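Source file structure_22.pdb; content: PDB, C-alpha atoms, pLDDT in the B column.
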ATOM      1  CA  MET A 139      -8.639  25.204  27.384  1.00 44.00           C
ATOM      2  CA  VAL A 140     -11.072  28.085  26.967  1.00 48.00           C
ATOM      3  CA  GLY A 141     -10.266  30.623  24.278  1.00 55.00           C
ATOM      4  CA  ASP A 142     -11.238  34.222  23.706  1.00 61.00           C
ATOM      5  CA  VAL A 143     -14.233  35.100  21.555  1.00 58.00           C
ATOM      6  CA  ASP A 144     -13.368  37.143  18.457  1.00 62.00           C
ATOM      7  CA  GLU A 145     -15.444  39.863  16.755  1.00 63.00           C
ATOM      8  CA  THR A 146     -17.415  37.241  14.777  1.00 59.00           C
ATOM      9  CA  GLY A 147     -18.402  35.377  17.938  1.00 55.00           C
ATOM     10  CA  GLN A 148     -16.061  32.470  17.201  1.00 54.00           C
ATOM     11  CA  CYS A 149     -14.164  30.937  20.072  1.00 53.00           C
ATOM     12  CA  ASP A 150     -10.439  31.249  19.481  1.00 59.00           C
ATOM     13  CA  ARG A 151      -9.467  27.803  20.809  1.00 63.00           C
ATOM     14  CA  GLN A 152      -7.067  26.942  18.020  1.00 73.00           C
ATOM     15  CA  GLN A 153      -4.186  29.141  19.116  1.00 85.00           C
ATOM     16  CA  ILE A 154      -1.468  26.545  18.633  1.00 88.00           C
ATOM     17  CA  LEU A 155       1.659  28.673  18.652  1.00 88.00           C
ATOM     18  CA  PRO A 156       1.355  29.762  22.307  1.00 90.00           C
ATOM     19  CA  LEU A 157       0.891  26.120  23.327  1.00 90.00           C
ATOM     20  CA  VAL A 158       3.883  24.979  21.277  1.00 90.00           C
ATOM     21  CA  ASP A 159       5.954  27.818  22.716  1.00 91.00           C
ATOM     22  CA  HIS A 160       4.952  26.945  26.285  1.00 92.00           C
ATOM     23  CA  LEU A 161       5.703  23.256  25.783  1.00 91.00           C
ATOM     24  CA  ALA A 162       9.053  24.167  24.190  1.00 89.00           C
ATOM     25  CA  ARG A 163       9.882  26.397  27.164  1.00 90.00           C
ATOM     26  CA  LEU A 164       9.151  23.531  29.565  1.00 90.00           C
ATOM     27  CA  GLY A 165      11.279  21.252  27.411  1.00 86.00           C
ATOM     28  CA  ARG A 166      14.181  23.717  27.301  1.00 83.00           C
ATOM     29  CA  ARG A 167      14.032  24.085  31.087  1.00 85.00           C
ATOM     30  CA  GLY A 168      14.108  20.302  31.513  1.00 82.00           C
ATOM     31  CA  LEU A 169      16.940  19.966  29.012  1.00 76.00           C
ATOM     32  CA  ALA A 170      18.937  22.668  30.768  1.00 75.00           C
ATOM     33  CA  ASP A 171      18.613  20.709  34.019  1.00 74.00           C
ATOM     34  CA  SER A 172      19.562  17.479  32.221  1.00 69.00           C
ATOM     35  CA  TRP A 173      22.464  19.140  30.486  1.00 65.00           C
ATOM     36  CA  GLU A 174      23.835  20.421  33.777  1.00 61.00           C
ATOM     37  CA  ALA A 175      23.443  16.978  35.365  1.00 62.00           C
ATOM     38  CA  SER A 176      24.637  14.781  32.488  1.00 63.00           C
ATOM     39  CA  GLY A 177      26.434  17.006  29.998  1.00 66.00           C
ATOM     40  CA  CYS A 178      24.158  15.732  27.208  1.00 68.00           C
ATOM     41  CA  LEU A 179      23.909  17.621  23.956  1.00 74.00           C
ATOM     42  CA  ARG A 180      22.074  20.909  23.895  1.00 77.00           C
ATOM     43  CA  PRO A 181      19.127  20.977  21.449  1.00 76.00           C
ATOM     44  CA  ARG A 182      20.996  22.971  18.783  1.00 82.00           C
ATOM     45  CA  HIS A 183      23.909  20.552  19.018  1.00 87.00           C
ATOM     46  CA  MET A 184      21.564  17.570  18.961  1.00 85.00           C
ATOM     47  CA  VAL A 185      19.951  18.701  15.714  1.00 88.00           C
ATOM     48  CA  ALA A 186      23.330  19.193  14.001  1.00 92.00           C
ATOM     49  CA  VAL A 187      24.674  15.844  15.196  1.00 92.00           C
ATOM     50  CA  LYS A 188      21.419  14.115  14.241  1.00 89.00           C
ATOM     51  CA  VAL A 189      21.576  15.526  10.697  1.00 92.00           C
ATOM     52  CA  LEU A 190      25.158  14.305  10.333  1.00 94.00           C
ATOM     53  CA  GLY A 191      24.232  10.928  11.784  1.00 90.00           C
ATOM     54  CA  GLU A 192      21.347  10.503   9.342  1.00 90.00           C
ATOM     55  CA  ARG A 193      22.871  12.035   6.199  1.00 94.00           C
ATOM     56  CA  GLY A 194      26.548  11.261   6.682  1.00 94.00           C
ATOM     57  CA  PRO A 195      29.467  13.583   5.947  1.00 96.00           C
ATOM     58  CA  MET A 196      28.549  16.801   4.198  1.00 95.00           C
ATOM     59  CA  THR A 197      30.015  20.170   3.403  1.00 93.00           C
ATOM     60  CA  GLN A 198      29.859  22.835   6.049  1.00 92.00           C
ATOM     61  CA  HIS A 199      27.710  24.904   3.691  1.00 91.00           C
ATOM     62  CA  ALA A 200      25.244  22.041   3.098  1.00 93.00           C
ATOM     63  CA  LEU A 201      24.967  21.448   6.851  1.00 94.00           C
ATOM     64  CA  GLY A 202      24.234  25.136   7.386  1.00 92.00           C
ATOM     65  CA  GLU A 203      21.490  24.987   4.771  1.00 91.00           C
ATOM     66  CA  ALA A 204      20.036  21.827   6.333  1.00 90.00           C
ATOM     67  CA  LEU A 205      19.963  23.591   9.707  1.00 90.00           C
ATOM     68  CA  THR A 206      18.784  26.899   8.162  1.00 88.00           C
ATOM     69  CA  LEU A 207      21.611  28.738   9.909  1.00 89.00           C
ATOM     70  CA  ASP A 208      23.609  31.749   8.839  1.00 89.00           C
ATOM     71  CA  PRO A 209      27.168  30.689   7.852  1.00 86.00           C
ATOM     72  CA  SER A 210      28.702  32.630  10.751  1.00 86.00           C
ATOM     73  CA  ASN A 211      26.471  30.735  13.193  1.00 91.00           C
ATOM     74  CA  VAL A 212      27.406  27.414  11.579  1.00 92.00           C
ATOM     75  CA  VAL A 213      31.086  28.074  12.255  1.00 91.00           C
ATOM     76  CA  GLY A 214      30.402  28.783  15.934  1.00 92.00           C
ATOM     77  CA  LEU A 215      28.235  25.684  16.295  1.00 94.00           C
ATOM     78  CA  LEU A 216      30.837  23.479  14.605  1.00 95.00           C
ATOM     79  CA  ASN A 217      33.616  24.971  16.733  1.00 94.00           C
ATOM     80  CA  GLU A 218      31.680  23.932  19.853  1.00 93.00           C
ATOM     81  CA  LEU A 219      31.074  20.412  18.522  1.00 95.00           C
ATOM     82  CA  GLU A 220      34.674  20.017  17.374  1.00 95.00           C
ATOM     83  CA  LYS A 221      35.976  21.201  20.756  1.00 94.00           C
ATOM     84  CA  ARG A 222      33.975  18.380  22.385  1.00 92.00           C
ATOM     85  CA  GLY A 223      35.382  15.902  19.858  1.00 94.00           C
ATOM     86  CA  LEU A 224      31.953  15.146  18.394  1.00 95.00           C
ATOM     87  CA  ILE A 225      32.706  16.082  14.780  1.00 96.00           C
ATOM     88  CA  THR A 226      35.667  16.342  12.468  1.00 95.00           C
ATOM     89  CA  ARG A 227      36.248  18.902   9.726  1.00 94.00           C
ATOM     90  CA  GLN A 228      38.527  18.144   6.817  1.00 93.00           C
ATOM     91  CA  ARG A 229      39.304  20.003   3.633  1.00 92.00           C
ATOM     92  CA  ASP A 230      37.344  18.730   0.658  1.00 87.00           C
ATOM     93  CA  PRO A 231      39.906  17.115  -1.671  1.00 88.00           C
ATOM     94  CA  ALA A 232      37.802  18.193  -4.675  1.00 87.00           C
ATOM     95  CA  ASP A 233      37.687  21.844  -3.557  1.00 87.00           C
ATOM     96  CA  ARG A 234      40.208  22.908  -0.909  1.00 85.00           C
ATOM     97  CA  ARG A 235      38.097  25.969  -0.044  1.00 86.00           C
ATOM     98  CA  ARG A 236      35.361  23.765   1.432  1.00 89.00           C
ATOM     99  CA  HIS A 237      35.258  21.700   4.600  1.00 90.00           C
ATOM    100  CA  ILE A 238      33.619  18.287   4.919  1.00 95.00           C
ATOM    101  CA  VAL A 239      31.995  17.772   8.314  1.00 95.00           C
ATOM    102  CA  SER A 240      31.704  14.244   9.716  1.00 95.00           C
ATOM    103  CA  LEU A 241      30.355  12.775  12.908  1.00 95.00           C
ATOM    104  CA  SER A 242      33.154  11.284  15.017  1.00 95.00           C
ATOM    105  CA  PRO A 243      32.810   7.989  16.923  1.00 95.00           C
ATOM    106  CA  ALA A 244      32.483  10.077  20.101  1.00 94.00           C
ATOM    107  CA  GLY A 245      29.708  12.053  18.387  1.00 93.00           C
ATOM    108  CA  GLU A 246      27.848   8.847  17.550  1.00 91.00           C
ATOM    109  CA  GLY A 247      28.045   7.768  21.196  1.00 90.00           C
ATOM    110  CA  GLU A 248      26.936  11.172  22.433  1.00 88.00           C
ATOM    111  CA  LEU A 249      24.021  11.142  19.992  1.00 85.00           C
ATOM    112  CA  THR A 250      22.841   7.806  21.404  1.00 86.00           C
ATOM    113  CA  ALA A 251      23.189   8.974  25.020  1.00 84.00           C
ATOM    114  CA  SER A 252      21.473  12.296  24.332  1.00 81.00           C
ATOM    115  CA  ARG A 253      18.586  10.577  22.568  1.00 83.00           C
ATOM    116  CA  GLU A 254      17.913   8.700  25.800  1.00 85.00           C
ATOM    117  CA  VAL A 255      17.876  11.950  27.788  1.00 82.00           C
ATOM    118  CA  PHE A 256      15.571  13.582  25.226  1.00 82.00           C
ATOM    119  CA  ARG A 257      13.312  10.522  25.187  1.00 88.00           C
ATOM    120  CA  GLY A 258      12.979  10.602  28.972  1.00 88.00           C
ATOM    121  CA  LEU A 259      12.124  14.282  28.964  1.00 88.00           C
ATOM    122  CA  GLU A 260       9.594  13.793  26.166  1.00 91.00           C
ATOM    123  CA  ASP A 261       7.994  10.964  28.145  1.00 93.00           C
ATOM    124  CA  GLU A 262       7.622  13.337  31.070  1.00 92.00           C
ATOM    125  CA  LEU A 263       6.334  16.282  29.021  1.00 92.00           C
ATOM    126  CA  LEU A 264       3.929  14.232  26.921  1.00 95.00           C
ATOM    127  CA  ARG A 265       2.730  11.748  29.548  1.00 95.00           C
ATOM    128  CA  ALA A 266      -0.901  12.817  28.973  1.00 96.00           C
ATOM    129  CA  LEU A 267      -0.730  11.547  25.373  1.00 96.00           C
ATOM    130  CA  THR A 268      -1.015   7.955  24.212  1.00 96.00           C
ATOM    131  CA  PRO A 269       1.777   6.505  22.041  1.00 95.00           C
ATOM    132  CA  ASP A 270      -0.468   6.869  18.973  1.00 97.00           C
ATOM    133  CA  GLU A 271      -1.199  10.511  19.846  1.00 96.00           C
ATOM    134  CA  ARG A 272       2.536  11.170  20.245  1.00 95.00           C
ATOM    135  CA  ALA A 273       3.201   9.629  16.846  1.00 95.00           C
ATOM    136  CA  THR A 274       0.479  11.787  15.306  1.00 96.00           C
ATOM    137  CA  LEU A 275       1.852  14.902  17.032  1.00 94.00           C
ATOM    138  CA  HIS A 276       5.337  14.116  15.740  1.00 92.00           C
ATOM    139  CA  ASP A 277       4.077  13.602  12.193  1.00 94.00           C
ATOM    140  CA  LEU A 278       2.051  16.819  12.240  1.00 93.00           C
ATOM    141  CA  LEU A 279       4.907  18.894  13.661  1.00 90.00           C
ATOM    142  CA  ALA A 280       7.403  17.391  11.199  1.00 88.00           C
ATOM    143  CA  ARG A 281       5.057  18.205   8.338  1.00 91.00           C
ATOM    144  CA  ALA A 282       4.545  21.762   9.640  1.00 89.00           C
ATOM    145  CA  VAL A 283       8.294  22.279   9.973  1.00 82.00           C
ATOM    146  CA  GLY A 284       8.825  20.852   6.491  1.00 81.00           C
ATOM    147  CA  GLY A 285       6.240  23.217   5.080  1.00 80.00           C
ATOM    148  CA  ALA A 286       7.740  26.226   6.824  1.00 74.00           C
ATOM    149  CA  MET A 287      11.320  25.598   5.726  1.00 63.00           C
ATOM    150  CA  PRO A 288      12.725  26.449   2.318  1.00 58.00           C
ATOM    151  CA  GLY A 289      13.962  23.415   0.405  1.00 52.00           C
ATOM    152  CA  PRO A 290      14.042  19.835   1.694  1.00 47.00           C
ATOM    153  CA  CYS A 291      13.661  19.353   5.447  1.00 42.00           C
TER     154      CYS A 291
END
Now, as a test, write the supplied structure out as structure tokens.
Amino acid sequence: MVGDVDETGQCDRQQILPLVDHLARLGRRGLADSWEASGCLRPRHMVAVKVLGERGPMTQHALGEALTLDPSNVVGLLNELEKRGLITRQRDPADRRRHIVSLSPAGEGELTASREVFRGLEDELLRALTPDERATLHDLLARAVGGAMPGPC
């Protein structure tokens, strides 16, 4: 890809954000088609379910922090997941003001099915990359996300 030349005469080929944005747009379009066809998890749902699947039950507040979401957006997201039967919310016995969010058995199954849909779409989007290049891309993006987020990723 040819870049623009800046005022110092340097070629501006390292514009990563527009490429990431374009790839994400293609991915979102593919996921929207997959979601309509299969009813798989939307990306925002997938991330929440994945966090619960990896970390186990957690308070609603802790989940919101892990997802870097405003508390009002967490409630809406959890309402959608609960409506689909993918999570459960129970009062914390230690502090009745808090809710503990858990992945339901249906949520575990949906997570597995959605991972397959995501994997297929990634295979299509990243077909020009070798498996080692994909692994490197994943590691670099995970590190960039970790560096951009406050607290543990």
Discussion item. Would you compute the distance between CA of Arg253 (chain A) and CA of Leu224 (chain A)? Give it in Å to one decimal.
Written reply: 14.7 Å
Worksheet item: Between CA of Arg229 (chain A) and CA of Leu216 (chain A), what is the distance, to one decimal in Å?
Response: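 Separation of CA of Arg229 (chain A) and CA of Leu216 (chain A): 14.3 Å.
Using only C-alpha atoms, the nearest neighbour of Gly258 (chain A) within the list A:Thr206, A:Asp233, A:Leu169, A:Ser240 is A:Leu169.
Between CA of Ser252 (chain A) and CA of Asp230 (chain A) lies a distance of 29.2 Å.
Distance annotation: of A:Arg234, A:Arg281, A:His199, A:Lys188, the residue with the minimal separation from Glu246 (chain A) is A:Lys188; atom set is all atoms listed in the file.
Every residue that the PyMOL selection byres ((chain A and resi 161-166) around 12) selects in this file is listed here: Ile154, Leu155, Pro156, Leu157, Val158, Asp159, His160, Arg167, Gly168, Leu169, Ala170, Asp171, Ser172, Trp173, Leu179, Arg180, Pro181, Arg182, Val255, Phe256, Arg257, Gly258, Leu259, Glu260, Asp261, Glu262, Leu263 and Leu264 of chain A.
Taking all atoms listed in the file into account, Leu219 (chain A) lies nearest to A:His183 out of the set A:Arg272, A:Arg236, A:His183, A:Arg193.
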Practice prompt. Apply the PyMOL selection byres ((chain A and resi 201) around 12) to the file shown and report the selected residues as number ranges by chain.
Written response: A: 185-200, 202-209, 211-213, 215-216, 227, 236-241, 291
Worksheet item: Can you list what the PyMOL selection byres ((chain A and resi 223) around 9) grabs from this structure, as a list in words?
Response: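 This file, filtered by the PyMOL selection byres ((chain A and resi 223) around 9), leaves Glu218, Leu219, Glu220, Lys221, Arg222, Leu224, Ile225, Thr226, Ser242, Pro243, Ala244 and Gly245 of chain A.
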